[in-house]
>>> print(open('model_34.tsv').read())   # TSV, C-alpha atoms (C1' of nucleotides)
chain	number	residue	atom	x	y	z
S	1	MET	CA	0.00	0.00	0.00
S	2	THR	CA	2.07	2.84	1.32
S	3	GLU	CA	5.43	2.56	-0.40
S	4	ARG	CA	7.89	2.13	2.44
S	5	GLY	CA	11.35	3.22	1.50
S	6	PRO	CA	14.18	2.72	3.99
S	7	THR	CA	13.22	1.54	7.45
S	8	VAL	CA	13.35	3.73	10.50
S	9	ALA	CA	16.51	1.96	11.68
S	10	GLU	CA	18.15	2.51	8.31
S	11	ARG	CA	17.25	6.14	8.26
S	12	LEU	CA	18.59	6.63	11.78
S	13	ARG	CA	21.84	4.96	10.87
S	14	ALA	CA	22.10	6.98	7.67
S	15	ALA	CA	21.89	10.10	9.82
S	16	GLY	CA	24.72	8.83	12.00
S	17	SER	CA	22.49	8.03	14.95
S	18	ARG	CA	22.32	4.84	16.96
S	19	VAL	CA	19.25	2.68	16.85
S	20	THR	CA	17.78	2.27	20.30
S	21	GLY	CA	14.61	0.76	21.66
S	22	GLN	CA	13.38	4.15	22.76
S	23	ARG	CA	13.87	5.67	19.32
S	24	LEU	CA	12.03	2.87	17.59
S	25	ALA	CA	9.27	3.11	20.19
S	26	VAL	CA	8.85	6.84	19.65
S	27	ALA	CA	8.91	6.42	15.86
S	28	ASP	CA	6.33	3.69	16.18
S	29	ALA	CA	4.04	5.68	18.43
S	30	LEU	CA	4.31	8.55	16.00
S	31	ALA	CA	3.63	6.40	12.96
S	32	SER	CA	0.57	4.84	14.56
S	33	ALA	CA	-0.94	8.20	15.52
S	34	ARG	CA	-3.54	9.63	13.23
S	35	ARG	CA	-2.93	13.20	14.31
S	36	PRO	CA	0.13	15.30	14.98
S	37	GLN	CA	1.52	14.57	18.42
S	38	SER	CA	3.29	16.81	20.86
S	39	ALA	CA	6.31	15.52	22.77
S	40	GLU	CA	4.27	15.52	25.95
S	41	GLU	CA	1.44	13.49	24.37
S	42	LEU	CA	3.86	10.95	23.01
S	43	TRP	CA	5.55	10.66	26.38
S	44	HIS	CA	2.29	9.86	28.11
S	45	ARG	CA	1.24	7.34	25.46
S	46	LEU	CA	4.64	5.68	25.52
S	47	ARG	CA	4.75	5.17	29.26
S	48	ALA	CA	2.02	2.55	28.95
S	49	ARG	CA	4.34	0.20	27.06
S	50	HIS	CA	7.69	1.64	28.14
S	51	PRO	CA	7.22	2.60	31.78
S	52	GLY	CA	10.78	3.77	32.28
S	53	ILE	CA	11.03	6.17	29.34
S	54	GLY	CA	12.09	9.68	30.28
S	55	ARG	CA	10.54	12.93	29.26
S	56	ALA	CA	13.87	14.38	28.11
S	57	THR	CA	14.44	11.27	26.03
S	58	VAL	CA	11.25	11.86	24.09
S	59	PHE	CA	12.29	15.42	23.33
S	60	ARG	CA	15.78	14.36	22.30
S	61	THR	CA	14.48	11.42	20.31
S	62	LEU	CA	12.08	13.57	18.33
S	63	GLU	CA	14.99	15.79	17.45
S	64	ALA	CA	16.93	12.76	16.25
S	65	LEU	CA	13.95	11.51	14.27
S	66	VAL	CA	13.58	14.85	12.55
S	67	ALA	CA	17.29	14.84	11.70
S	68	ALA	CA	16.87	11.32	10.30
S	69	ASP	CA	13.88	12.42	8.23
S	70	VAL	CA	11.62	10.00	10.08
S	71	ALA	CA	9.50	12.70	11.64
S	72	ARG	CA	8.73	16.23	10.67
S	73	ARG	CA	8.33	19.10	13.11
S	74	PHE	CA	5.18	21.02	12.59
S	75	GLU	CA	4.55	24.48	14.01
S	76	PRO	CA	0.97	25.08	15.00
S	77	GLU	CA	-0.49	28.45	15.93
S	78	GLY	CA	0.01	27.78	19.63
S	79	HIS	CA	3.20	27.18	21.54
S	80	ALA	CA	4.19	23.55	21.53
S	81	SER	CA	5.70	21.93	18.46
S	82	THR	CA	3.95	18.83	17.21
S	83	TYR	CA	5.35	16.03	15.09
S	84	VAL	CA	4.13	13.86	12.27
S	85	ALA	CA	5.71	10.69	10.96
S	86	CYS	CA	6.79	10.94	7.36
S	87	ARG	CA	8.49	9.21	4.52
S	88	PRO	CA	11.83	10.62	3.40
S	89	GLY	CA	11.78	13.83	1.42
S	90	HIS	CA	10.46	17.25	2.12
S	91	HIS	CA	6.81	17.99	2.12
S	92	HIS	CA	4.24	20.42	3.33
S	93	HIS	CA	0.97	20.17	5.16
S	94	LEU	CA	-2.76	20.43	4.77
S	95	VAL	CA	-4.16	20.90	8.25
S	96	CYS	CA	-7.86	20.24	8.73
S	97	THR	CA	-9.20	22.62	11.35
S	98	ASP	CA	-12.30	20.48	11.81
S	99	CYS	CA	-10.95	17.00	12.46
S	100	GLY	CA	-7.31	17.86	13.16
S	101	SER	CA	-5.94	15.52	10.53
S	102	VAL	CA	-2.80	16.48	8.67
S	103	ALA	CA	-2.13	15.45	5.09
S	104	GLU	CA	0.98	16.10	3.08
S	105	ILE	CA	1.54	17.68	-0.28
S	106	GLY	CA	4.71	17.03	-2.18
S	107	GLU	CA	7.48	19.26	-3.34
S	108	ALA	CA	6.03	19.19	-6.83
S	109	TYR	CA	3.30	21.58	-5.82
S	110	VAL	CA	5.72	24.00	-4.30
S	111	SER	CA	8.50	24.20	-6.87
S	112	PRO	CA	6.64	26.39	-9.36
S	113	LEU	CA	5.90	28.88	-6.63
S	114	ALA	CA	9.51	28.88	-5.44
S	115	GLU	CA	10.70	29.40	-8.99
S	116	ARG	CA	8.36	32.27	-9.57
S	117	VAL	CA	9.45	33.93	-6.35
S	118	ALA	CA	13.10	33.48	-7.30
S	119	ARG	CA	12.55	34.90	-10.77
S	120	ASP	CA	10.62	37.94	-9.54
S	121	THR	CA	12.60	38.85	-6.44
S	122	GLY	CA	16.06	37.40	-6.80
S	123	PHE	CA	15.59	35.49	-3.56
S	124	VAL	CA	17.36	32.13	-3.58
S	125	VAL	CA	15.09	29.57	-1.96
S	126	ASP	CA	16.85	26.89	0.10
S	127	ASP	CA	13.94	25.56	2.07
S	128	ALA	CA	10.25	26.16	2.42
S	129	ARG	CA	7.69	25.68	5.09
S	130	ILE	CA	4.18	25.63	3.76
S	131	ASP	CA	1.05	24.90	5.73
S	132	PHE	CA	-2.48	25.24	4.49
S	133	TYR	CA	-5.32	25.46	6.97
S	134	GLY	CA	-8.86	24.58	6.04
S	135	ARG	CA	-11.11	21.55	5.78
S	136	CYS	CA	-10.14	18.19	4.42
S	137	ALA	CA	-12.23	16.63	1.67
S	138	GLY	CA	-14.20	14.59	4.21
S	139	CYS	CA	-15.00	17.45	6.56
S	140	ALA	CA	-15.80	19.81	3.70
S	141	VAL	CA	-18.51	17.46	2.45
S	142	ASN	CA	-19.70	16.22	5.80
S	143	PRO	CA	-18.98	18.80	8.52
S	144	PRO	CA	-18.88	17.41	12.08
S	145	ALA	CA	-21.56	18.65	14.52
C	1	MET	CA	6.72	55.54	-1.47
C	2	THR	CA	5.16	52.84	0.62
C	3	GLU	CA	1.44	53.10	0.10
C	4	ARG	CA	0.03	53.57	3.58
C	5	GLY	CA	-3.57	52.49	3.84
C	6	PRO	CA	-5.44	53.00	7.10
C	7	THR	CA	-3.43	54.23	10.08
C	8	VAL	CA	-2.54	52.05	13.02
C	9	ALA	CA	-5.17	53.79	15.15
C	10	GLU	CA	-7.80	53.19	12.48
C	11	ARG	CA	-6.92	49.56	12.17
C	12	LEU	CA	-7.04	49.09	15.92
C	13	ARG	CA	-10.44	50.74	16.12
C	14	ALA	CA	-11.69	48.70	13.18
C	15	ALA	CA	-10.76	45.59	15.16
C	16	GLY	CA	-12.75	46.86	18.14
C	17	SER	CA	-9.69	47.70	20.20
C	18	ARG	CA	-8.88	50.87	22.04
C	19	VAL	CA	-6.08	53.10	20.92
C	20	THR	CA	-3.58	53.56	23.72
C	21	GLY	CA	-0.17	55.12	23.97
C	22	GLN	CA	1.39	51.75	24.62
C	23	ARG	CA	-0.16	50.18	21.55
C	24	LEU	CA	0.99	52.98	19.30
C	25	ALA	CA	4.44	52.79	20.86
C	26	VAL	CA	4.71	49.06	20.23
C	27	ALA	CA	3.42	49.45	16.67
C	28	ASP	CA	5.93	52.21	16.12
C	29	ALA	CA	8.84	50.25	17.52
C	30	LEU	CA	7.85	47.34	15.32
C	31	ALA	CA	7.49	49.47	12.20
C	32	SER	CA	10.89	51.08	12.71
C	33	ALA	CA	12.67	47.73	13.16
C	34	ARG	CA	14.42	46.27	10.13
C	35	ARG	CA	14.23	42.71	11.39
C	36	PRO	CA	11.57	40.62	13.04
C	37	GLN	CA	11.33	41.35	16.74
C	38	SER	CA	10.46	39.13	19.65
C	39	ALA	CA	8.22	40.41	22.42
C	40	GLU	CA	11.17	40.46	24.77
C	41	GLU	CA	13.31	42.50	22.36
C	42	LEU	CA	10.56	45.00	21.83
C	43	TRP	CA	10.04	45.30	25.56
C	44	HIS	CA	13.68	46.18	26.14
C	45	ARG	CA	13.78	48.66	23.29
C	46	LEU	CA	10.57	50.29	24.42
C	47	ARG	CA	11.66	50.85	27.99
C	48	ALA	CA	14.12	53.49	26.79
C	49	ARG	CA	11.28	55.80	25.75
C	50	HIS	CA	8.49	54.33	27.85
C	51	PRO	CA	10.11	53.41	31.15
C	52	GLY	CA	6.91	52.21	32.79
C	53	ILE	CA	5.75	49.79	30.11
C	54	GLY	CA	5.08	46.28	31.37
C	55	ARG	CA	6.26	43.03	29.91
C	56	ALA	CA	2.78	41.53	29.90
C	57	THR	CA	1.51	44.61	28.11
C	58	VAL	CA	3.91	44.06	25.24
C	59	PHE	CA	2.72	40.46	24.86
C	60	ARG	CA	-0.93	41.48	25.02
C	61	THR	CA	-0.36	44.42	22.70
C	62	LEU	CA	1.29	42.26	20.07
C	63	GLU	CA	-1.73	40.02	20.20
C	64	ALA	CA	-3.97	43.03	19.68
C	65	LEU	CA	-1.81	44.29	16.82
C	66	VAL	CA	-1.97	40.93	15.09
C	67	ALA	CA	-5.75	40.90	15.49
C	68	ALA	CA	-5.85	44.41	14.01
C	69	ASP	CA	-3.65	43.34	11.09
C	70	VAL	CA	-0.95	45.79	12.10
C	71	ALA	CA	1.59	43.10	12.89
C	72	ARG	CA	2.06	39.57	11.75
C	73	ARG	CA	3.25	36.74	13.94
C	74	PHE	CA	6.07	34.82	12.45
C	75	GLU	CA	7.17	31.37	13.62
C	76	PRO	CA	10.86	30.81	13.39
C	77	GLU	CA	12.57	27.44	13.80
C	78	GLY	CA	13.33	28.14	17.43
C	79	HIS	CA	10.96	28.77	20.28
C	80	ALA	CA	9.93	32.40	20.61
C	81	SER	CA	7.49	33.99	18.18
C	82	THR	CA	8.71	37.07	16.41
C	83	TYR	CA	6.67	39.84	14.83
C	84	VAL	CA	6.89	42.00	11.75
C	85	ALA	CA	4.94	45.16	11.02
C	86	CYS	CA	2.77	44.87	7.96
C	87	ARG	CA	0.25	46.56	5.79
C	88	PRO	CA	-3.27	45.12	5.83
C	89	GLY	CA	-3.83	41.90	3.93
C	90	HIS	CA	-2.33	38.49	4.21
C	91	HIS	CA	1.12	37.74	3.06
C	92	HIS	CA	3.94	35.33	3.41
C	93	HIS	CA	7.61	35.56	4.08
C	94	LEU	CA	11.01	35.29	2.49
C	95	VAL	CA	13.46	34.81	5.31
C	96	CYS	CA	17.11	35.47	4.57
C	97	THR	CA	19.23	33.07	6.61
C	98	ASP	CA	22.32	35.21	6.03
C	99	CYS	CA	21.26	38.69	7.10
C	100	GLY	CA	18.06	37.85	8.96
C	101	SER	CA	15.88	40.19	6.91
C	102	VAL	CA	12.32	39.24	6.17
C	103	ALA	CA	10.53	40.28	3.01
C	104	GLU	CA	6.93	39.63	2.12
C	105	ILE	CA	5.31	38.05	-0.87
C	106	GLY	CA	1.69	38.74	-1.63
C	107	GLU	CA	-1.32	36.52	-1.82
C	108	ALA	CA	-1.08	36.61	-5.60
C	109	TYR	CA	1.81	34.19	-5.55
C	110	VAL	CA	-0.01	31.77	-3.32
C	111	SER	CA	-3.47	31.59	-4.82
C	112	PRO	CA	-2.53	29.43	-7.81
C	113	LEU	CA	-0.93	26.90	-5.48
C	114	ALA	CA	-3.95	26.90	-3.18
C	115	GLU	CA	-6.23	26.39	-6.16
C	116	ARG	CA	-4.21	23.52	-7.49
C	117	VAL	CA	-4.21	21.84	-4.09
C	118	ALA	CA	-7.95	22.30	-3.78
C	119	ARG	CA	-8.56	20.90	-7.26
C	120	ASP	CA	-6.35	17.87	-6.73
C	121	THR	CA	-7.17	16.91	-3.17
C	122	GLY	CA	-10.59	18.37	-2.36
C	123	PHE	CA	-9.05	20.23	0.56
C	124	VAL	CA	-10.76	23.60	1.13
C	125	VAL	CA	-8.08	26.14	1.94
C	126	ASP	CA	-9.05	28.82	4.45
C	127	ASP	CA	-5.67	30.15	5.37
C	128	ALA	CA	-2.05	29.56	4.51
C	129	ARG	CA	1.25	30.05	6.20
C	130	ILE	CA	4.13	30.08	3.78
C	131	ASP	CA	7.72	30.83	4.62
C	132	PHE	CA	10.65	30.49	2.29
C	133	TYR	CA	14.16	30.25	3.72
C	134	GLY	CA	17.19	31.13	1.69
C	135	ARG	CA	19.24	34.16	0.72
C	136	CYS	CA	17.86	37.53	-0.25
C	137	ALA	CA	18.96	39.09	-3.53
C	138	GLY	CA	21.64	41.14	-1.76
C	139	CYS	CA	23.17	38.25	0.18
C	140	ALA	CA	22.98	35.90	-2.79
C	141	VAL	CA	25.13	38.27	-4.84
C	142	ASN	CA	27.36	39.50	-2.04
C	143	PRO	CA	27.58	36.90	0.76
C	144	PRO	CA	28.62	38.26	4.17
C	145	ALA	CA	31.96	37.03	5.59
X	1	DC	C1'	-17.07	68.78	29.34
X	2	DA	C1'	-17.90	66.00	33.34
X	3	DG	C1'	-18.79	60.99	34.86
X	4	DG	C1'	-18.92	56.24	34.51
X	5	DC	C1'	-17.56	51.91	33.01
X	6	DA	C1'	-15.57	48.71	30.06
X	7	DT	C1'	-11.11	48.08	28.46
X	8	DG	C1'	-6.33	48.22	29.12
X	9	DT	C1'	-2.10	48.39	32.14
X	10	DG	C1'	1.71	46.96	35.44
X	11	DA	C1'	3.40	43.85	38.88
X	12	DT	C1'	3.66	39.52	40.38
X	13	DA	C1'	3.25	34.79	40.53
X	14	DC	C1'	2.66	31.04	37.90
X	15	DT	C1'	2.45	27.36	34.07
X	16	DC	C1'	4.53	24.74	30.81
X	17	DG	C1'	7.57	23.51	26.84
X	18	DG	C1'	12.02	22.61	26.31
X	19	DT	C1'	17.19	22.14	27.77
X	20	DA	C1'	21.58	21.31	30.66
X	21	DT	C1'	23.76	18.37	33.64
X	22	DC	C1'	25.45	14.20	35.31
X	23	DA	C1'	25.79	9.49	36.81
X	24	DC	C1'	24.60	5.33	34.62
X	25	DT	C1'	23.56	2.15	30.59
X	26	DT	C1'	23.93	0.27	26.01
X	27	DA	C1'	24.68	0.02	20.88
X	28	DT	C1'	28.32	-0.60	17.91
X	29	DG	C1'	33.16	-1.33	15.91
X	30	DC	C1'	37.00	-4.01	16.82
M	1	DG	C1'	33.51	-10.22	24.46
M	2	DC	C1'	35.27	-5.40	25.33
M	3	DA	C1'	36.07	-0.57	25.14
M	4	DT	C1'	33.99	3.55	24.39
M	5	DA	C1'	31.26	7.00	22.49
M	6	DA	C1'	26.46	7.80	22.19
M	7	DG	C1'	22.17	7.60	24.45
M	8	DT	C1'	19.17	7.49	28.70
M	9	DG	C1'	16.61	8.98	33.05
M	10	DA	C1'	16.20	12.07	36.88
M	11	DT	C1'	16.44	16.36	38.34
M	12	DA	C1'	17.06	21.06	38.29
M	13	DC	C1'	16.71	24.77	35.59
M	14	DC	C1'	15.44	28.46	31.97
M	15	DG	C1'	12.64	31.35	29.35
M	16	DA	C1'	8.33	32.39	26.78
M	17	DG	C1'	3.94	33.30	27.58
M	18	DT	C1'	-0.44	33.74	30.70
M	19	DA	C1'	-3.65	34.51	34.86
M	20	DT	C1'	-4.77	37.53	38.27
M	21	DC	C1'	-5.90	41.67	40.42
M	22	DA	C1'	-5.71	46.36	41.92
M	23	DC	C1'	-5.30	50.56	39.55
M	24	DA	C1'	-5.51	53.75	35.42
M	25	DT	C1'	-7.47	55.52	31.21
M	26	DG	C1'	-9.82	55.75	26.52
M	27	DC	C1'	-14.23	56.66	24.98
M	28	DC	C1'	-19.26	57.13	24.98
M	29	DT	C1'	-23.20	59.36	27.04
M	30	DG	C1'	-25.60	62.87	28.76
>>> encode(input="model_34.tsv", output="structure tokens")
Amino acid sequence: MTERGPTVAERLRAAGSRVTGQRLAVADALASARRPQSAEELWHRLRARHPGIGRATVFRTLEALVAADVARRFEPEGHASTYVACRPGHHHHLVCTDCGSVAEIGEAYVSPLAERVARDTGFVVDDARIDFYGRCAGCAVNPPA
Amino acid sequence: MTERGPTVAERLRAAGSRVTGQRLAVADALASARRPQSAEELWHRLRARHPGIGRATVFRTLEALVAADVARRFEPEGHASTYVACRPGHHHHLVCTDCGSVAEIGEAYVSPLAERVARDTGFVVDDARIDFYGRCAGCAVNPPA
DNA sequence: CAGGCATGTGATACTCGGTATCACTTATGC
DNA sequence: GCATAAGTGATACCGAGTATCACATGCCTG
């Protein structure tokens, strides 16, 4: 179904990080979540299966996962960063303000915009962070409550 | 030169907020800054001219200015929000990672992308947050150090 | 141009996300 | 297997942002 690409362990190793039980556990918890998770949320969920896991470890691990392109940091309006699991490669988000789900759009959508900006302004684009807020196809058709 | 539009006071009133000395002072400090400012930075700068101004006031005022479309909150990689003064209307940012300057790009650049996303995915876009990171025209030609 | 009140302000204490430190453990290369 | 550099957990800490509350002030109303 979902084309897999390199495993989490492989991606960690490729980033020069060690593969530990905690890191796999966090990656797993993140991958099995259907919404973006904050570090605090993940910590609480993880303690069910991994009673000893430390709060600081979750924060550090998320950092490592982002560096390994296993997770992506997502900056919501509020204060706390949240994280979504992702396949390798850069991508951007469609955030549904009704159901909280987050979908991804690929680089292909963004390149034309980046090129146009570069052409018009002379700005050299290295990276982009693009988030759309609105309603996903489901919620748009069938609004909750 | 820069087309002005409604004054800060007018925009505050239009948003249902009162016009106070502190709010004008914060708006002014923000408008005269050449880089995005954090609440803390603004507070320190402001205390030179407005010795009595409170820290909490600066935070609350920035909130009011954002609501009145006088400032725009900008989410950098790190932790603290920063703010840029802006003319009314939504816009997005070009962040120069060399000199720290922030330029704006207008809605016109973004609409085609939003439309394409909507057409392809069924996602109804209400709002967008788009930040490009790279080097501004000046730094691209003439890199510092 | 008073007078009143909702709104805003300043000080303080607090919450909470995230980080530094440090003694201990463990993945990994030999 | 063993050494060791990287990672972990506990704790203390930091810094951004917020709640609270007594006091001040913009703004409308008469």
>>> closest_residue(input="model_34.tsv", among="S:Arg13, S:His79, S:Arg73, S:His93", to="chain M", atoms="all atoms listed in the file")
S:His79
>>> residues_near_point(input="model_34.tsv", point="(0.5, 33.1, 31.5)", cutoff="12 Å", atoms="all atoms listed in the file", output="list in words")
His79 of chain S; Arg55, Ala56, Phe59 and Arg60 of chain C; DT12, DA13, DC14, DT15 and DC16 of chain X; DA16, DG17, DT18, DA19 and DT20 of chain M
>>> calpha_fit_and_write(input="model_34.tsv", fixed="chain C", moving="chain S", output="short mmCIF file (atom, residue, chain, number, x, y, z; two decimals) with C-alpha atoms, in the frame of the given file")
data_model
loop_
_atom_site.label_atom_id
_atom_site.label_comp_id
_atom_site.auth_asym_id
_atom_site.auth_seq_id
_atom_site.Cartn_x
_atom_site.Cartn_y
_atom_site.Cartn_z
CA MET S 1 6.75 55.74 -1.27
CA THR S 2 5.23 52.91 0.67
CA GLU S 3 1.49 53.17 0.12
CA ARG S 4 0.08 53.62 3.60
CA GLY S 5 -3.49 52.52 3.83
CA PRO S 6 -5.37 53.03 7.10
CA THR S 7 -3.35 54.23 10.06
CA VAL S 8 -2.48 52.06 13.00
CA ALA S 9 -5.09 53.84 15.13
CA GLU S 10 -7.73 53.26 12.47
CA ARG S 11 -6.88 49.63 12.15
CA LEU S 12 -7.02 49.17 15.92
CA ARG S 13 -10.39 50.83 16.10
CA ALA S 14 -11.66 48.78 13.17
CA ALA S 15 -10.76 45.68 15.15
CA GLY S 16 -12.74 46.96 18.12
CA SER S 17 -9.68 47.78 20.19
CA ARG S 18 -8.88 50.99 22.02
CA VAL S 19 -6.02 53.15 20.91
CA THR S 20 -3.51 53.58 23.70
CA GLY S 21 -0.08 55.11 23.95
CA GLN S 22 1.45 51.73 24.62
CA ARG S 23 -0.12 50.18 21.53
CA LEU S 24 1.06 52.97 19.28
CA ALA S 25 4.51 52.76 20.85
CA VAL S 26 4.74 49.02 20.23
CA ALA S 27 3.46 49.42 16.66
CA ASP S 28 6.00 52.15 16.11
CA ALA S 29 8.90 50.18 17.51
CA LEU S 30 7.87 47.29 15.32
CA ALA S 31 7.52 49.42 12.21
CA SER S 32 10.93 51.00 12.72
CA ALA S 33 12.68 47.65 13.17
CA ARG S 34 14.41 46.21 10.17
CA ARG S 35 14.19 42.64 11.41
CA PRO S 36 11.52 40.54 13.04
CA GLN S 37 11.31 41.29 16.74
CA SER S 38 10.43 39.07 19.64
CA ALA S 39 8.19 40.37 22.41
CA GLU S 40 11.14 40.39 24.76
CA GLU S 41 13.30 42.41 22.34
CA LEU S 42 10.57 44.94 21.82
CA TRP S 43 10.05 45.25 25.55
CA HIS S 44 13.69 46.07 26.13
CA ARG S 45 13.82 48.57 23.27
CA LEU S 46 10.62 50.23 24.42
CA ARG S 47 11.72 50.76 27.99
CA ALA S 48 14.20 53.38 26.80
CA ARG S 49 11.38 55.72 25.74
CA HIS S 50 8.56 54.28 27.86
CA PRO S 51 10.19 53.35 31.16
CA GLY S 52 6.98 52.18 32.79
CA ILE S 53 5.81 49.76 30.10
CA GLY S 54 5.12 46.25 31.35
CA ARG S 55 6.27 43.00 29.90
CA ALA S 56 2.75 41.53 29.90
CA THR S 57 1.53 44.63 28.10
CA VAL S 58 3.92 44.03 25.23
CA PHE S 59 2.71 40.46 24.87
CA ARG S 60 -0.93 41.51 25.02
CA THR S 61 -0.36 44.44 22.70
CA LEU S 62 1.28 42.28 20.06
CA GLU S 63 -1.75 40.05 20.18
CA ALA S 64 -3.98 43.07 19.65
CA LEU S 65 -1.80 44.31 16.81
CA VAL S 66 -2.00 40.96 15.08
CA ALA S 67 -5.78 40.96 15.47
CA ALA S 68 -5.85 44.47 13.99
CA ASP S 69 -3.68 43.36 11.08
CA VAL S 70 -0.96 45.79 12.08
CA ALA S 71 1.56 43.11 12.89
CA ARG S 72 1.99 39.57 11.75
CA ARG S 73 3.17 36.72 13.94
CA PHE S 74 5.99 34.80 12.45
CA GLU S 75 7.05 31.35 13.61
CA PRO S 76 10.76 30.76 13.39
CA GLU S 77 12.46 27.40 13.82
CA GLY S 78 13.18 28.09 17.48
CA HIS S 79 10.77 28.70 20.31
CA ALA S 80 9.82 32.33 20.60
CA SER S 81 7.39 33.93 18.17
CA THR S 82 8.64 37.02 16.41
CA TYR S 83 6.62 39.81 14.84
CA VAL S 84 6.85 41.96 11.76
CA ALA S 85 4.92 45.12 11.01
CA CYS S 86 2.74 44.84 7.95
CA ARG S 87 0.21 46.55 5.81
CA PRO S 88 -3.31 45.13 5.83
CA GLY S 89 -3.89 41.90 3.96
CA HIS S 90 -2.40 38.49 4.22
CA HIS S 91 1.06 37.76 3.04
CA HIS S 92 3.89 35.34 3.37
CA HIS S 93 7.57 35.60 4.05
CA LEU S 94 10.98 35.35 2.48
CA VAL S 95 13.43 34.90 5.32
CA CYS S 96 17.08 35.57 4.58
CA THR S 97 19.20 33.21 6.64
CA ASP S 98 22.28 35.36 6.06
CA CYS S 99 21.20 38.84 7.09
CA GLY S 100 17.98 37.98 8.93
CA SER S 101 15.83 40.30 6.87
CA VAL S 102 12.26 39.32 6.13
CA ALA S 103 10.47 40.33 2.95
CA GLU S 104 6.88 39.66 2.06
CA ILE S 105 5.27 38.06 -0.93
CA GLY S 106 1.65 38.69 -1.71
CA GLU S 107 -1.34 36.45 -1.90
CA ALA S 108 -1.09 36.50 -5.67
CA TYR S 109 1.83 34.12 -5.58
CA VAL S 110 0.04 31.70 -3.35
CA SER S 111 -3.42 31.48 -4.88
CA PRO S 112 -2.46 29.28 -7.83
CA LEU S 113 -0.87 26.81 -5.47
CA ALA S 114 -3.90 26.81 -3.17
CA GLU S 115 -6.17 26.27 -6.15
CA ARG S 116 -4.14 23.39 -7.43
CA VAL S 117 -4.12 21.76 -4.02
CA ALA S 118 -7.89 22.19 -3.75
CA ARG S 119 -8.48 20.75 -7.20
CA ASP S 120 -6.25 17.72 -6.64
CA THR S 121 -7.12 16.83 -3.06
CA GLY S 122 -10.51 18.27 -2.30
CA PHE S 123 -9.03 20.21 0.61
CA VAL S 124 -10.72 23.56 1.14
CA VAL S 125 -8.06 26.14 1.92
CA ASP S 126 -9.07 28.83 4.43
CA ASP S 127 -5.68 30.18 5.34
CA ALA S 128 -2.08 29.58 4.49
CA ARG S 129 1.21 30.09 6.19
CA ILE S 130 4.10 30.13 3.79
CA ASP S 131 7.70 30.88 4.64
CA PHE S 132 10.64 30.53 2.33
CA TYR S 133 14.13 30.34 3.76
CA GLY S 134 17.17 31.21 1.74
CA ARG S 135 19.21 34.24 0.74
CA CYS S 136 17.84 37.59 -0.25
CA ALA S 137 18.93 39.14 -3.54
CA GLY S 138 21.60 41.20 -1.78
CA CYS S 139 23.13 38.36 0.20
CA ALA S 140 22.97 35.98 -2.75
CA VAL S 141 25.12 38.32 -4.82
CA ASN S 142 27.33 39.59 -2.04
CA PRO S 143 27.53 37.02 0.78
CA PRO S 144 28.58 38.44 4.17
CA ALA S 145 31.91 37.22 5.63
#
>>> closest_atom_pairs(input="model_34.tsv", of="chain X", to="chain S", cutoff="10 Å", atoms="all atoms listed in the file", output="Markdown table")
| residue | atom | partner | partner_atom | distance |
| --- | --- | --- | --- | --- |
| X:DC16 | C1' | S:Ala80 | CA | 9.4 |
| X:DG17 | C1' | S:Ala80 | CA | 6.3 |
| X:DG18 | C1' | S:Phe59 | CA | 7.8 |
| X:DT19 | C1' | S:Ala56 | CA | 8.4 |
| X:DT26 | C1' | S:Thr20 | CA | 8.6 |
| X:DA27 | C1' | S:Arg18 | CA | 6.6 |
| X:DT28 | C1' | S:Arg18 | CA | 8.2 |
>>> write_last_selection(input="model_34.tsv", atoms="C-alpha atoms (C1' of nucleotides)", output="PDB file, keeping the file's coordinate frame")
ATOM      1  C1'  DC X  16       4.530  24.740  30.810  1.00  0.00           C
ATOM      2  C1'  DG X  17       7.570  23.510  26.840  1.00  0.00           C
ATOM      3  C1'  DG X  18      12.020  22.610  26.310  1.00  0.00           C
ATOM      4  C1'  DT X  19      17.190  22.140  27.770  1.00  0.00           C
ATOM      5  C1'  DT X  26      23.930   0.270  26.010  1.00  0.00           C
ATOM      6  C1'  DA X  27      24.680   0.020  20.880  1.00  0.00           C
ATOM      7  C1'  DT X  28      28.320  -0.600  17.910  1.00  0.00           C
TER       8       DT X  28
END
>>> atom_distance(input="model_34.tsv", atom1="CA of Ala108 (chain C)", atom2="CA of Ala114 (chain S)")
13.1 Å
>>> atom_distance(input="model_34.tsv", atom1="CA of Leu113 (chain S)", atom2="CA of Asp120 (chain C)")
16.5 Å
>>> atom_distance(input="model_34.tsv", atom1="CA of Ala137 (chain S)", atom2="CA of Leu42 (chain S)")
27.3 Å
>>> axis_aligned_box(input="model_34.tsv", around="region 14-20 of chain M", padding_each_side="8 Å", output="AutoDock Vina command-line options")
--center_x 5.3 --center_y 33.0 --center_z 32.5 --size_x 36.2 --size_y 25.1 --size_z 27.5
>>> closest_atom_pairs(input="model_34.tsv", of="chain M", to="chain S", cutoff="12 Å", atoms="only C-alpha atoms (C1' of nucleotides)", output="CSV")
residue,atom,partner,partner_atom,distance
M:DA5,C1',S:Arg18,CA,10.7
M:DA6,C1',S:Arg18,CA,7.3
M:DG7,C1',S:Arg18,CA,8.0
M:DT8,C1',S:Thr57,CA,6.6
M:DG9,C1',S:Gly54,CA,5.3
M:DA10,C1',S:Gly54,CA,8.1
M:DT11,C1',S:Ala56,CA,10.7
M:DA16,C1',S:His79,CA,9.0
M:DG17,C1',S:His79,CA,8.6
M:DT18,C1',S:His79,CA,11.8
>>> residues_near_point(input="model_34.tsv", point="(-15.0, 54.4, 25.0)", cutoff="9 Å", atoms="only C-alpha atoms (C1' of nucleotides)", output="PyMOL selection string")
(chain C and resi 18) or (chain X and resi 5-7) or (chain M and resi 26-28)
>>> closest_residue(input="model_34.tsv", among="X:DG3, X:DT25, X:DC30, X:DA20", to="DC13 (chain M)", atoms="all atoms listed in the file")
X:DA20
